[in-house]
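Participant: So here's coords.cif, just mmCIF, N, CA, C and O atoms:
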```
data_protein
#
loop_
_atom_site.label_atom_id
_atom_site.label_comp_id
_atom_site.auth_asym_id
_atom_site.auth_seq_id
_atom_site.Cartn_x
_atom_site.Cartn_y
_atom_site.Cartn_z
N MET Q 12 0.74 -3.86 172.71
CA MET Q 12 2.01 -3.20 172.48
C MET Q 12 1.92 -2.26 171.28
O MET Q 12 2.49 -1.18 171.30
N LYS Q 13 1.22 -2.69 170.25
CA LYS Q 13 1.11 -1.88 169.04
C LYS Q 13 0.38 -0.56 169.31
O LYS Q 13 0.72 0.47 168.76
N LYS Q 14 -0.63 -0.63 170.19
CA LYS Q 14 -1.39 0.57 170.53
C LYS Q 14 -0.52 1.59 171.26
O LYS Q 14 -0.61 2.79 171.01
N ILE Q 15 0.35 1.10 172.15
CA ILE Q 15 1.27 1.99 172.87
C ILE Q 15 2.24 2.64 171.90
O ILE Q 15 2.50 3.84 171.97
N LYS Q 16 2.77 1.85 170.96
CA LYS Q 16 3.70 2.39 169.97
C LYS Q 16 3.04 3.46 169.12
O LYS Q 16 3.63 4.52 168.87
N GLN Q 17 1.80 3.23 168.70
CA GLN Q 17 1.08 4.24 167.91
C GLN Q 17 0.85 5.51 168.71
O GLN Q 17 0.97 6.62 168.19
N TRP Q 18 0.52 5.36 170.00
CA TRP Q 18 0.30 6.53 170.84
C TRP Q 18 1.59 7.33 171.01
O TRP Q 18 1.59 8.55 170.93
N LEU Q 19 2.71 6.62 171.25
CA LEU Q 19 4.00 7.31 171.40
C LEU Q 19 4.37 8.05 170.12
O LEU Q 19 4.87 9.17 170.17
N GLN Q 20 4.14 7.43 168.97
CA GLN Q 20 4.50 8.07 167.71
C GLN Q 20 3.62 9.27 167.39
O GLN Q 20 3.99 10.10 166.57
N SER Q 21 2.48 9.39 168.06
CA SER Q 21 1.60 10.53 167.81
C SER Q 21 2.04 11.77 168.61
O SER Q 21 1.53 12.86 168.36
N LEU Q 22 2.97 11.60 169.54
CA LEU Q 22 3.44 12.73 170.34
C LEU Q 22 4.38 13.62 169.52
O LEU Q 22 4.93 13.20 168.50
N SER Q 23 4.61 14.84 169.98
CA SER Q 23 5.37 15.82 169.21
C SER Q 23 6.88 15.56 169.25
O SER Q 23 7.39 14.83 170.10
N PHE Q 24 7.57 16.21 168.33
CA PHE Q 24 9.03 16.12 168.24
C PHE Q 24 9.67 16.63 169.53
O PHE Q 24 10.59 16.01 170.07
N LYS Q 25 9.16 17.74 170.05
CA LYS Q 25 9.71 18.33 171.28
C LYS Q 25 9.57 17.37 172.46
O LYS Q 25 10.50 17.22 173.26
N THR Q 26 8.45 16.70 172.56
CA THR Q 26 8.24 15.72 173.62
C THR Q 26 9.24 14.58 173.49
O THR Q 26 9.81 14.12 174.48
N GLY Q 27 9.49 14.14 172.27
CA GLY Q 27 10.47 13.08 172.03
C GLY Q 27 11.86 13.47 172.47
O GLY Q 27 12.58 12.67 173.08
N VAL Q 28 12.25 14.70 172.19
CA VAL Q 28 13.58 15.17 172.59
C VAL Q 28 13.67 15.24 174.11
O VAL Q 28 14.68 14.83 174.70
N ILE Q 29 12.62 15.73 174.77
CA ILE Q 29 12.63 15.82 176.23
C ILE Q 29 12.72 14.44 176.86
O ILE Q 29 13.52 14.22 177.79
N VAL Q 30 11.95 13.49 176.37
CA VAL Q 30 11.99 12.12 176.90
C VAL Q 30 13.36 11.50 176.66
O VAL Q 30 13.92 10.84 177.53
N LEU Q 31 13.92 11.75 175.48
CA LEU Q 31 15.24 11.22 175.17
C LEU Q 31 16.31 11.82 176.09
O LEU Q 31 17.20 11.11 176.55
N LEU Q 32 16.21 13.09 176.39
CA LEU Q 32 17.18 13.73 177.29
C LEU Q 32 17.02 13.28 178.74
O LEU Q 32 17.98 13.35 179.52
N CYS Q 33 15.84 12.79 179.10
CA CYS Q 33 15.61 12.29 180.47
C CYS Q 33 16.44 11.05 180.75
O CYS Q 33 16.66 10.71 181.93
N CYS Q 34 16.89 10.36 179.73
CA CYS Q 34 17.67 9.14 179.98
C CYS Q 34 19.05 9.48 180.55
O CYS Q 34 19.64 8.67 181.28
N ILE Q 35 19.57 10.67 180.29
CA ILE Q 35 20.91 11.04 180.76
C ILE Q 35 21.01 11.03 182.29
O ILE Q 35 21.91 10.40 182.83
N PRO Q 36 20.09 11.72 183.01
CA PRO Q 36 20.21 11.66 184.47
C PRO Q 36 20.05 10.24 185.03
O PRO Q 36 20.71 9.89 186.01
N PHE Q 37 19.20 9.43 184.40
CA PHE Q 37 19.03 8.06 184.88
C PHE Q 37 20.29 7.24 184.69
O PHE Q 37 20.66 6.43 185.55
N TYR Q 38 20.98 7.43 183.57
CA TYR Q 38 22.25 6.73 183.37
C TYR Q 38 23.28 7.18 184.42
O TYR Q 38 23.99 6.36 185.00
N ILE Q 39 23.36 8.47 184.65
CA ILE Q 39 24.31 8.99 185.65
C ILE Q 39 23.99 8.44 187.03
O ILE Q 39 24.87 7.97 187.74
N LEU Q 40 22.71 8.49 187.41
CA LEU Q 40 22.31 8.00 188.73
C LEU Q 40 22.52 6.49 188.87
O LEU Q 40 22.87 6.02 189.95
N SER Q 41 22.34 5.75 187.78
CA SER Q 41 22.49 4.30 187.88
C SER Q 41 23.91 3.90 188.24
O SER Q 41 24.12 2.89 188.92
N PHE Q 42 24.87 4.69 187.81
CA PHE Q 42 26.26 4.36 188.16
C PHE Q 42 26.75 5.14 189.38
O PHE Q 42 27.57 4.64 190.14
N ALA Q 43 26.24 6.34 189.61
CA ALA Q 43 26.67 7.14 190.76
C ALA Q 43 26.19 6.53 192.08
O ALA Q 43 26.85 6.69 193.10
N GLN Q 44 25.10 5.80 192.06
CA GLN Q 44 24.59 5.21 193.29
C GLN Q 44 25.53 4.14 193.84
O GLN Q 44 25.43 3.76 194.99
N MET Q 45 26.48 3.68 193.03
CA MET Q 45 27.46 2.70 193.51
C MET Q 45 28.35 3.29 194.61
O MET Q 45 28.95 2.55 195.38
N LEU Q 46 28.42 4.61 194.69
CA LEU Q 46 29.24 5.27 195.70
C LEU Q 46 28.53 5.38 197.05
O LEU Q 46 29.16 5.74 198.05
N LEU Q 47 27.25 5.07 197.10
CA LEU Q 47 26.49 5.16 198.35
C LEU Q 47 26.90 4.05 199.32
O LEU Q 47 27.20 2.94 198.90
N PRO Q 48 26.91 4.38 200.60
CA PRO Q 48 27.28 3.36 201.60
C PRO Q 48 26.08 2.47 201.98
O PRO Q 48 25.58 2.51 203.10
N ILE Q 49 25.60 1.69 201.03
CA ILE Q 49 24.48 0.78 201.27
C ILE Q 49 24.90 -0.63 200.86
O ILE Q 49 25.96 -0.83 200.27
N SER Q 50 24.05 -1.59 201.16
CA SER Q 50 24.40 -2.99 200.88
C SER Q 50 24.49 -3.26 199.38
O SER Q 50 23.93 -2.52 198.56
N THR Q 51 25.19 -4.32 199.06
CA THR Q 51 25.37 -4.71 197.67
C THR Q 51 24.03 -5.06 197.02
O THR Q 51 23.80 -4.74 195.85
N ALA Q 52 23.16 -5.70 197.77
CA ALA Q 52 21.85 -6.06 197.24
C ALA Q 52 21.05 -4.80 196.89
O ALA Q 52 20.41 -4.74 195.83
N ALA Q 53 21.08 -3.81 197.77
CA ALA Q 53 20.37 -2.55 197.51
C ALA Q 53 20.96 -1.84 196.30
O ALA Q 53 20.22 -1.27 195.48
N LYS Q 54 22.28 -1.88 196.17
CA LYS Q 54 22.92 -1.27 194.99
C LYS Q 54 22.49 -1.97 193.71
O LYS Q 54 22.23 -1.32 192.69
N GLY Q 55 22.38 -3.28 193.77
CA GLY Q 55 21.96 -4.04 192.60
C GLY Q 55 20.54 -3.71 192.19
O GLY Q 55 20.23 -3.55 191.01
N ILE Q 56 19.67 -3.58 193.20
CA ILE Q 56 18.27 -3.24 192.91
C ILE Q 56 18.17 -1.82 192.36
O ILE Q 56 17.48 -1.58 191.36
N LEU Q 57 18.88 -0.88 192.99
CA LEU Q 57 18.87 0.50 192.50
C LEU Q 57 19.41 0.59 191.07
O LEU Q 57 18.86 1.29 190.23
N TRP Q 58 20.50 -0.14 190.81
CA TRP Q 58 21.08 -0.10 189.47
C TRP Q 58 20.09 -0.64 188.45
O TRP Q 58 19.91 -0.06 187.39
N THR Q 59 19.43 -1.73 188.77
CA THR Q 59 18.46 -2.33 187.85
C THR Q 59 17.31 -1.38 187.56
O THR Q 59 16.92 -1.19 186.39
N VAL Q 60 16.78 -0.75 188.60
CA VAL Q 60 15.65 0.17 188.42
C VAL Q 60 16.08 1.40 187.63
O VAL Q 60 15.42 1.80 186.65
N LEU Q 61 17.18 2.03 188.02
CA LEU Q 61 17.62 3.26 187.36
C LEU Q 61 18.08 3.01 185.93
O LEU Q 61 17.78 3.79 185.01
N PHE Q 62 18.80 1.92 185.70
CA PHE Q 62 19.24 1.59 184.35
C PHE Q 62 18.04 1.24 183.47
O PHE Q 62 17.99 1.61 182.30
N GLY Q 63 17.07 0.56 184.06
CA GLY Q 63 15.84 0.25 183.33
C GLY Q 63 15.08 1.51 182.94
O GLY Q 63 14.54 1.61 181.84
N MET Q 64 15.03 2.47 183.85
CA MET Q 64 14.37 3.74 183.54
C MET Q 64 15.11 4.49 182.44
O MET Q 64 14.49 5.10 181.56
N ALA Q 65 16.45 4.43 182.46
CA ALA Q 65 17.24 5.08 181.41
C ALA Q 65 16.94 4.46 180.06
O ALA Q 65 16.73 5.17 179.06
N LYS Q 66 16.90 3.14 180.01
CA LYS Q 66 16.60 2.45 178.74
C LYS Q 66 15.17 2.73 178.29
O LYS Q 66 14.92 2.90 177.10
N THR Q 67 14.23 2.78 179.24
CA THR Q 67 12.85 3.08 178.89
C THR Q 67 12.74 4.47 178.28
O THR Q 67 12.06 4.66 177.26
N CYS Q 68 13.41 5.45 178.88
CA CYS Q 68 13.40 6.81 178.32
C CYS Q 68 14.07 6.85 176.96
O CYS Q 68 13.60 7.53 176.05
N GLN Q 69 15.16 6.13 176.83
CA GLN Q 69 15.89 6.13 175.57
C GLN Q 69 15.02 5.56 174.44
O GLN Q 69 14.86 6.19 173.40
N TYR Q 70 14.47 4.38 174.64
CA TYR Q 70 13.67 3.75 173.60
C TYR Q 70 12.34 4.45 173.39
O TYR Q 70 11.84 4.54 172.27
N GLY Q 71 11.76 4.98 174.47
CA GLY Q 71 10.53 5.76 174.34
C GLY Q 71 10.75 7.02 173.52
O GLY Q 71 9.96 7.35 172.64
N GLY Q 72 11.84 7.72 173.81
CA GLY Q 72 12.17 8.94 173.06
C GLY Q 72 12.44 8.65 171.60
O GLY Q 72 11.99 9.38 170.72
N LEU Q 73 13.14 7.57 171.33
CA LEU Q 73 13.41 7.20 169.93
C LEU Q 73 12.13 6.79 169.21
O LEU Q 73 11.97 7.09 168.02
N THR Q 74 11.23 6.15 169.92
CA THR Q 74 9.95 5.78 169.31
C THR Q 74 9.12 7.01 169.00
O THR Q 74 8.49 7.10 167.95
N ILE Q 75 9.13 7.97 169.91
CA ILE Q 75 8.39 9.22 169.68
C ILE Q 75 8.98 9.97 168.49
O ILE Q 75 8.26 10.46 167.62
N LEU Q 76 10.30 10.06 168.43
CA LEU Q 76 10.95 10.79 167.34
C LEU Q 76 10.75 10.09 166.01
O LEU Q 76 10.49 10.73 164.99
N GLY Q 77 10.92 8.79 166.00
CA GLY Q 77 10.85 8.05 164.74
C GLY Q 77 12.08 8.32 163.91
O GLY Q 77 12.98 9.07 164.30
N VAL Q 78 12.13 7.74 162.74
CA VAL Q 78 13.29 7.88 161.86
C VAL Q 78 13.43 9.32 161.38
O VAL Q 78 14.53 9.89 161.39
N GLU Q 79 12.33 9.92 161.00
CA GLU Q 79 12.38 11.29 160.48
C GLU Q 79 12.82 12.28 161.55
O GLU Q 79 13.65 13.16 161.31
N GLY Q 80 12.29 12.13 162.75
CA GLY Q 80 12.67 13.01 163.86
C GLY Q 80 14.12 12.80 164.27
O GLY Q 80 14.82 13.75 164.62
N TYR Q 81 14.56 11.54 164.26
CA TYR Q 81 15.96 11.25 164.59
C TYR Q 81 16.89 11.91 163.58
O TYR Q 81 17.90 12.53 163.96
N ASN Q 82 16.57 11.81 162.30
CA ASN Q 82 17.40 12.47 161.28
C ASN Q 82 17.36 13.98 161.43
O ASN Q 82 18.38 14.65 161.25
N ARG Q 83 16.21 14.53 161.79
CA ARG Q 83 16.10 15.97 162.02
C ARG Q 83 17.00 16.41 163.18
O ARG Q 83 17.71 17.41 163.08
N LEU Q 84 16.97 15.65 164.28
CA LEU Q 84 17.81 15.95 165.44
C LEU Q 84 19.29 15.83 165.10
O LEU Q 84 20.10 16.67 165.47
N ARG Q 85 19.66 14.78 164.36
CA ARG Q 85 21.05 14.57 163.98
C ARG Q 85 21.55 15.70 163.07
O ARG Q 85 22.66 16.20 163.24
N ASN Q 86 20.72 16.13 162.12
CA ASN Q 86 21.11 17.23 161.24
C ASN Q 86 21.25 18.53 162.02
O ASN Q 86 22.14 19.34 161.74
N TRP Q 87 20.38 18.76 163.01
CA TRP Q 87 20.47 19.97 163.83
C TRP Q 87 21.77 19.97 164.61
O TRP Q 87 22.45 21.00 164.71
N MET Q 88 22.14 18.82 165.18
CA MET Q 88 23.39 18.73 165.95
C MET Q 88 24.59 18.92 165.03
O MET Q 88 25.57 19.58 165.40
N LYS Q 89 24.55 18.38 163.82
CA LYS Q 89 25.63 18.53 162.86
C LYS Q 89 25.77 20.00 162.46
O LYS Q 89 26.87 20.53 162.36
N PHE Q 90 24.63 20.69 162.26
CA PHE Q 90 24.63 22.10 161.91
C PHE Q 90 25.23 22.94 163.03
O PHE Q 90 26.04 23.83 162.79
N LYS Q 91 24.88 22.62 164.28
CA LYS Q 91 25.42 23.35 165.43
C LYS Q 91 26.93 23.15 165.54
O LYS Q 91 27.66 24.08 165.86
N ARG Q 92 27.39 21.93 165.29
CA ARG Q 92 28.82 21.64 165.37
C ARG Q 92 29.59 22.42 164.29
O ARG Q 92 30.66 22.92 164.54
N GLU Q 93 29.02 22.53 163.09
CA GLU Q 93 29.67 23.27 162.02
C GLU Q 93 29.72 24.76 162.34
O GLU Q 93 30.68 25.44 161.99
N ASP Q 94 28.67 25.27 163.03
CA ASP Q 94 28.64 26.69 163.41
C ASP Q 94 29.75 27.00 164.41
O ASP Q 94 30.36 28.07 164.36
N THR Q 95 30.03 26.10 165.33
CA THR Q 95 31.04 26.36 166.34
C THR Q 95 32.44 26.24 165.77
O THR Q 95 33.38 26.83 166.31
N ASN Q 96 32.61 25.49 164.69
CA ASN Q 96 33.93 25.34 164.06
C ASN Q 96 34.29 26.57 163.22
O ASN Q 96 35.47 26.78 162.93
N ASN Q 97 33.33 27.35 162.80
CA ASN Q 97 33.61 28.53 161.95
C ASN Q 97 33.85 29.76 162.77
O ASN Q 97 33.59 30.05 163.77
#
```
If you convert what's in this file into structure tokens, what do you get?
Facilitator:
Amino acid sequence: MKKIKQWLQSLSFKTGVIVLLCCIPFYILSFAQMLLPISTAAKGILWTVLFGMAKTCQYGGLTILGVEGYNRLRNWMKFKREDTNN
């Protein structure tokens, strides 16, 4: 596990942001699939797989970014929000 974490942390900031953004479609799909006309068991399996993929992307992206990258992303978003308010 430690080797995987070290490898993820060696990836670039841009890769971390892309992986982190990939969790959004998985979250949407995990709940949107409930509208499909399929059995309850199939919905449960789909939800588990899609929600698991969303969490994997979320935690993988955060691991790639690390604390410094997360703060950089948060400051960038705060800066963008202040620009739109002016």
Participant: Run the PyMOL selection byres (((chain Q and resi 35 and name CA) around 12) and name CA) on the file and write out the hits as a list of chain:residue names.
Facilitator: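 Residues picked by the PyMOL selection byres (((chain Q and resi 35 and name CA) around 12) and name CA): Q:Val28, Q:Ile29, Q:Val30, Q:Leu31, Q:Leu32, Q:Cys33, Q:Cys34, Q:Pro36, Q:Phe37, Q:Tyr38, Q:Ile39, Q:Leu40, Q:Ser41, Q:Phe42, Q:Leu61, Q:Phe62, Q:Met64, Q:Ala65, Q:Lys66, Q:Thr67, Q:Cys68, Q:Gln69, Q:Gly72.
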Participant: Export N, CA, C and O atoms of the chosen residues as a CSV table (one decimal), in the coordinates of the input?
Facilitator:
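Final output, result-v2.csv:
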```csv
chain,number,residue,atom,x,y,z
Q,28,VAL,N,12.2,14.7,172.2
Q,28,VAL,CA,13.6,15.2,172.6
Q,28,VAL,C,13.7,15.2,174.1
Q,28,VAL,O,14.7,14.8,174.7
Q,29,ILE,N,12.6,15.7,174.8
Q,29,ILE,CA,12.6,15.8,176.2
Q,29,ILE,C,12.7,14.4,176.9
Q,29,ILE,O,13.5,14.2,177.8
Q,30,VAL,N,12.0,13.5,176.4
Q,30,VAL,CA,12.0,12.1,176.9
Q,30,VAL,C,13.4,11.5,176.7
Q,30,VAL,O,13.9,10.8,177.5
Q,31,LEU,N,13.9,11.8,175.5
Q,31,LEU,CA,15.2,11.2,175.2
Q,31,LEU,C,16.3,11.8,176.1
Q,31,LEU,O,17.2,11.1,176.6
Q,32,LEU,N,16.2,13.1,176.4
Q,32,LEU,CA,17.2,13.7,177.3
Q,32,LEU,C,17.0,13.3,178.7
Q,32,LEU,O,18.0,13.4,179.5
Q,33,CYS,N,15.8,12.8,179.1
Q,33,CYS,CA,15.6,12.3,180.5
Q,33,CYS,C,16.4,11.0,180.8
Q,33,CYS,O,16.7,10.7,181.9
Q,34,CYS,N,16.9,10.4,179.7
Q,34,CYS,CA,17.7,9.1,180.0
Q,34,CYS,C,19.0,9.5,180.6
Q,34,CYS,O,19.6,8.7,181.3
Q,36,PRO,N,20.1,11.7,183.0
Q,36,PRO,CA,20.2,11.7,184.5
Q,36,PRO,C,20.0,10.2,185.0
Q,36,PRO,O,20.7,9.9,186.0
Q,37,PHE,N,19.2,9.4,184.4
Q,37,PHE,CA,19.0,8.1,184.9
Q,37,PHE,C,20.3,7.2,184.7
Q,37,PHE,O,20.7,6.4,185.6
Q,38,TYR,N,21.0,7.4,183.6
Q,38,TYR,CA,22.2,6.7,183.4
Q,38,TYR,C,23.3,7.2,184.4
Q,38,TYR,O,24.0,6.4,185.0
Q,39,ILE,N,23.4,8.5,184.6
Q,39,ILE,CA,24.3,9.0,185.6
Q,39,ILE,C,24.0,8.4,187.0
Q,39,ILE,O,24.9,8.0,187.7
Q,40,LEU,N,22.7,8.5,187.4
Q,40,LEU,CA,22.3,8.0,188.7
Q,40,LEU,C,22.5,6.5,188.9
Q,40,LEU,O,22.9,6.0,190.0
Q,41,SER,N,22.3,5.8,187.8
Q,41,SER,CA,22.5,4.3,187.9
Q,41,SER,C,23.9,3.9,188.2
Q,41,SER,O,24.1,2.9,188.9
Q,42,PHE,N,24.9,4.7,187.8
Q,42,PHE,CA,26.3,4.4,188.2
Q,42,PHE,C,26.8,5.1,189.4
Q,42,PHE,O,27.6,4.6,190.1
Q,61,LEU,N,17.2,2.0,188.0
Q,61,LEU,CA,17.6,3.3,187.4
Q,61,LEU,C,18.1,3.0,185.9
Q,61,LEU,O,17.8,3.8,185.0
Q,62,PHE,N,18.8,1.9,185.7
Q,62,PHE,CA,19.2,1.6,184.4
Q,62,PHE,C,18.0,1.2,183.5
Q,62,PHE,O,18.0,1.6,182.3
Q,64,MET,N,15.0,2.5,183.8
Q,64,MET,CA,14.4,3.7,183.5
Q,64,MET,C,15.1,4.5,182.4
Q,64,MET,O,14.5,5.1,181.6
Q,65,ALA,N,16.4,4.4,182.5
Q,65,ALA,CA,17.2,5.1,181.4
Q,65,ALA,C,16.9,4.5,180.1
Q,65,ALA,O,16.7,5.2,179.1
Q,66,LYS,N,16.9,3.1,180.0
Q,66,LYS,CA,16.6,2.4,178.7
Q,66,LYS,C,15.2,2.7,178.3
Q,66,LYS,O,14.9,2.9,177.1
Q,67,THR,N,14.2,2.8,179.2
Q,67,THR,CA,12.8,3.1,178.9
Q,67,THR,C,12.7,4.5,178.3
Q,67,THR,O,12.1,4.7,177.3
Q,68,CYS,N,13.4,5.4,178.9
Q,68,CYS,CA,13.4,6.8,178.3
Q,68,CYS,C,14.1,6.8,177.0
Q,68,CYS,O,13.6,7.5,176.0
Q,69,GLN,N,15.2,6.1,176.8
Q,69,GLN,CA,15.9,6.1,175.6
Q,69,GLN,C,15.0,5.6,174.4
Q,69,GLN,O,14.9,6.2,173.4
Q,72,GLY,N,11.8,7.7,173.8
Q,72,GLY,CA,12.2,8.9,173.1
Q,72,GLY,C,12.4,8.6,171.6
Q,72,GLY,O,12.0,9.4,170.7
```
Participant: Compare Q:Asn86, Q:Glu79, Q:Lys91, Q:Thr74 by their minimum atom-to-atom distance to Gln17 (chain Q), counting only N, CA, C and O atoms, and give me the closest one.
Facilitator: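 The closest residue to Gln17 (chain Q) is Q:Thr74.
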Participant: In Å to one decimal, how far is CA of Ile75 (chain Q) from atom O of Trp18 (chain Q)?
Facilitator: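 According to the coordinates, atom O of Trp18 (chain Q) and CA of Ile75 (chain Q) are separated by 6.9 Å.
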Participant: Got a sec to check which residues sit within 12 Å of (3.1, 2.6, 168.6), counting only C-alpha atoms, and write them as an NGL selection string?
Facilitator: :Q and (12-22 or 70-77)
Participant: Have a look at CA of Arg92 (chain Q) and CA of Phe24 (chain Q) and let me know their distance in Å, one decimal.
Facilitator: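 Atom-to-atom, CA of Arg92 (chain Q) and CA of Phe24 (chain Q) are spaced 20.7 Å apart.
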Participant: Do you know which residues are at most 7 Å from Lys54 (chain Q) counting only N, CA, C and O atoms, after dropping those on the same chain fewer than 4 positions away, and could you put them as a list of chain:residue names?
Facilitator: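 Here the qualifying residues turn out to be Q:Ser41, Q:Gln44, Q:Met45, Q:Ile49, Q:Ser50, Q:Trp58, Q:Thr59, Q:Val60.
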Participant: Atom O of Leu57 (chain Q) to atom O of Ser23 (chain Q): how many Å, to one decimal?
Facilitator: 26.8 Å
